[in-house]
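Enquirer: Got a structure for you, written out below as structure tokens; questions coming shortly.
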Amino acid sequence: MKKILINLKDWLNYYENLDYAIQIEGMNITVFPSLPYLYLYKNRGVRIGSQKISSFEEGPHTGSISANHLKDFDVEAVILNHKECQIDSVSNLIAKIKNAQSHNIEVIICVGSNEEKELSKIKEVLNETGTSNIVVAYEPFEEIALDEIVYRLNSIKENFKHYDLAYLYGGNVTYVNIGKFIKELNVDGYLISSHALDIENLKRILTIVETTENS
């Protein structure tokens with residue numbers, strides 16, 4: 001089954017996160033809550049992801065959260081270079097990825113365009129880190145039509161053809177359009193945000209993914 005990753009960003013407060021964690025218990029998803037609420041998702045039968053990871057090991061780094069500490073919350077994945085918090089420093093991105101890899105945390109590297117500048121940065125990173133436990137998520141910087149999504153995604157994959165990578169698509173994925181995405185996009189899963197906040201919408205998405213794959 002295609003992977004479904006849910007980025008909760010900074011939307012839900014404590015009580016809303018607690019309710020959400022209870023309702024998604026046992027679902028075949030990876031959830032990325034706001035950092036203070038990671039613990040609410042532990043032992044819920046879902047994969048837990050982090051929206052942040054330090055470029056350092058644990059130590060005197062105020063405001064950082066180390067890979068080792070993330071593992072205390074059973075974190076299995078981390079999102080990096082998202083369009084809302086892009087990492088311009090290649091060395092910083094490399095350090096974060098290596099920290100994740102050393103603790104067996106899957107890295108979701110977001111790519112916002114197929115422009116050479118963006119892709120060159122990612123290639124430089126991959127040449128240093130390798131591709132172990134790394135997934136590329138294409139999240140367009142702007143809203144574009146499906147045919148343009150297909151074109152740009154294929155362009156990205158062509159640029160990275162010499163790397164052994166899995167791919168996700170994220171960008172206004174809903175239960176209304178995910179069926180079309182499954183048919184038109186050759187990806188391993190989807191990164192979904194606001195449209196998964198409603199549990200019923202999330203259930204619809206999971207049902208469509210399962211039904212489409214079994215048809």
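Here, A, B, ... name the chains of the structure tokens in the order displayed, residue numbers run from 1 inside each chain, and ligands are numbered from 1 in the same displayed order.
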As a PyMOL selection string, please: every residue in range 81-178 of chain A that a backbone DSSP assignment puts in helix (DSSP H, G or I).
Expert: chain A and resi 90-102+116-129+146-159+178
Enquirer: List the neighbours of range 206-214 of chain A out to 10 Å using only C-alpha atoms; skip same-chain residues closer than 6 positions along the sequence, and give me the result as a ChimeraX atom specification.
Expert: /A:1-4,27-29,175-176,178-180,182-183,189,200
Enquirer: Write out as a ChimeraX atom specification all residues of range 132-171 of chain A that backbone DSSP assigns to strand (DSSP E).
Expert: /A:134-138,166-170
Enquirer: Find, counting only C-alpha atoms, the residue in A:Asn92, A:Thr30, A:Ala77, A:Tyr37 that gets nearest to Trp11 in chain A.
Expert: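 Smallest separation from Trp11 in chain A among the options: A:Tyr37.
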Enquirer: I'd like the neighbourhood of Lys83 in chain A as a PyMOL selection string, where a residue qualifies if any of its atoms comes within 9 Å (using only C-alpha atoms), though same-chain residues fewer than 6 positions away should be ignored.
Expert: chain A and resi 110-112+139-141
Enquirer: Name all residues at most 7 Å from Gly49 in chain A (count only C-alpha atoms; drop same-chain ones fewer than 4 positions away) and give them as a PyMOL selection string.
Expert: chain A and resi 30-32+75-78
Enquirer: Keeping only C-alpha atoms, take the residues you just selected and write them out as a PDB file, in the first residue's frame.
Expert:
ATOM      1  CA  THR A  30       2.943   8.299   9.633  1.00  0.00           C
ATOM      2  CA  VAL A  31       1.931  11.384  11.610  1.00  0.00           C
ATOM      3  CA  PHE A  32       4.081  14.499  12.093  1.00  0.00           C
ATOM      4  CA  VAL A  75      10.143   8.826  16.122  1.00  0.00           C
ATOM      5  CA  GLU A  76      10.793   6.937  12.885  1.00  0.00           C
ATOM      6  CA  ALA A  77      10.838   9.756  10.309  1.00  0.00           C
ATOM      7  CA  VAL A  78      11.658  13.440   9.946  1.00  0.00           C
TER       8      VAL A  78
END
Enquirer: Neighbouring residues of Leu8 in chain A were defined as those with any atom within 7 Å, considering only C-alpha atoms; residues of the same chain fewer than 6 positions away were excluded. Please report them as a list in words.
Expert: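 Those residues are Phe32, Pro33, Ser34 and Ser193 of chain A.
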Enquirer: Take the selection from the previous step and output its residues with N, CA and C atoms, as an mmCIF file, in the first residue's frame.
Expert:
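Once written, again07.cif looks like this:
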data_model
loop_
_atom_site.group_PDB
_atom_site.id
_atom_site.type_symbol
_atom_site.label_atom_id
_atom_site.label_comp_id
_atom_site.auth_asym_id
_atom_site.auth_seq_id
_atom_site.Cartn_x
_atom_site.Cartn_y
_atom_site.Cartn_z
ATOM 1 N N PHE A 32 3.070 13.522 11.701
ATOM 2 C CA PHE A 32 4.081 14.499 12.093
ATOM 3 C C PHE A 32 3.403 15.616 12.891
ATOM 4 N N PRO A 33 3.269 15.453 14.198
ATOM 5 C CA PRO A 33 2.624 16.485 15.015
ATOM 6 C C PRO A 33 3.593 17.613 15.356
ATOM 7 N N SER A 34 3.054 18.683 15.914
ATOM 8 C CA SER A 34 3.895 19.735 16.456
ATOM 9 C C SER A 34 4.744 19.131 17.580
ATOM 10 N N SER A 193 -1.622 17.370 4.368
ATOM 11 C CA SER A 193 -1.637 18.302 5.493
ATOM 12 C C SER A 193 -3.055 18.604 5.950
#
Enquirer: Give me, as a short mmCIF file (atom, residue, chain, number, x, y, z; two decimals) with all heavy atoms, in the first residue's frame, all polymer residues having an atom no more than 9 Å from Ser132 in chain A, counting only C-alpha atoms and skipping those fewer than 3 positions away in the same chain.
Expert:
data_model
loop_
_atom_site.label_atom_id
_atom_site.label_comp_id
_atom_site.auth_asym_id
_atom_site.auth_seq_id
_atom_site.Cartn_x
_atom_site.Cartn_y
_atom_site.Cartn_z
N GLN A 101 20.15 9.43 10.00
CA GLN A 101 20.58 8.13 9.50
C GLN A 101 21.27 7.31 10.60
O GLN A 101 21.08 6.10 10.69
CB GLN A 101 21.53 8.30 8.31
CG GLN A 101 20.83 8.79 7.04
CD GLN A 101 21.82 9.07 5.92
OE1 GLN A 101 22.92 9.58 6.17
NE2 GLN A 101 21.45 8.75 4.70
N GLU A 106 14.01 7.69 9.21
CA GLU A 106 13.78 7.95 7.78
C GLU A 106 13.74 9.46 7.54
O GLU A 106 13.15 10.21 8.32
CB GLU A 106 12.46 7.32 7.35
CG GLU A 106 12.14 7.51 5.88
CD GLU A 106 10.80 6.90 5.50
OE1 GLU A 106 9.79 7.22 6.16
OE2 GLU A 106 10.77 6.09 4.57
N VAL A 107 14.37 9.90 6.45
CA VAL A 107 14.43 11.32 6.12
C VAL A 107 13.55 11.60 4.91
O VAL A 107 13.71 11.00 3.85
CB VAL A 107 15.87 11.76 5.81
CG1 VAL A 107 15.91 13.23 5.40
CG2 VAL A 107 16.77 11.53 7.03
N THR A 129 25.62 12.21 1.71
CA THR A 129 24.93 11.36 2.68
C THR A 129 24.63 9.96 2.16
O THR A 129 24.39 9.05 2.96
CB THR A 129 23.58 11.99 3.09
OG1 THR A 129 22.71 12.04 1.96
CG2 THR A 129 23.78 13.40 3.65
N VAL A 135 13.86 9.58 1.41
CA VAL A 135 12.73 9.68 0.48
C VAL A 135 12.62 11.12 0.02
O VAL A 135 12.79 12.05 0.82
CB VAL A 135 11.42 9.25 1.17
CG1 VAL A 135 10.24 9.40 0.21
CG2 VAL A 135 11.52 7.82 1.69
N ASP A 164 19.22 5.90 -5.88
CA ASP A 164 18.19 4.93 -5.51
C ASP A 164 17.26 5.58 -4.48
O ASP A 164 17.54 5.58 -3.28
CB ASP A 164 18.83 3.67 -4.93
CG ASP A 164 17.82 2.60 -4.58
OD1 ASP A 164 16.68 2.67 -5.10
OD2 ASP A 164 18.15 1.70 -3.78
N LEU A 165 16.14 6.14 -4.96
CA LEU A 165 15.25 6.92 -4.10
C LEU A 165 13.80 6.49 -4.24
O LEU A 165 13.36 6.05 -5.31
CB LEU A 165 15.35 8.41 -4.47
CG LEU A 165 16.69 9.10 -4.21
CD1 LEU A 165 16.74 10.43 -4.96
CD2 LEU A 165 16.92 9.32 -2.72
#
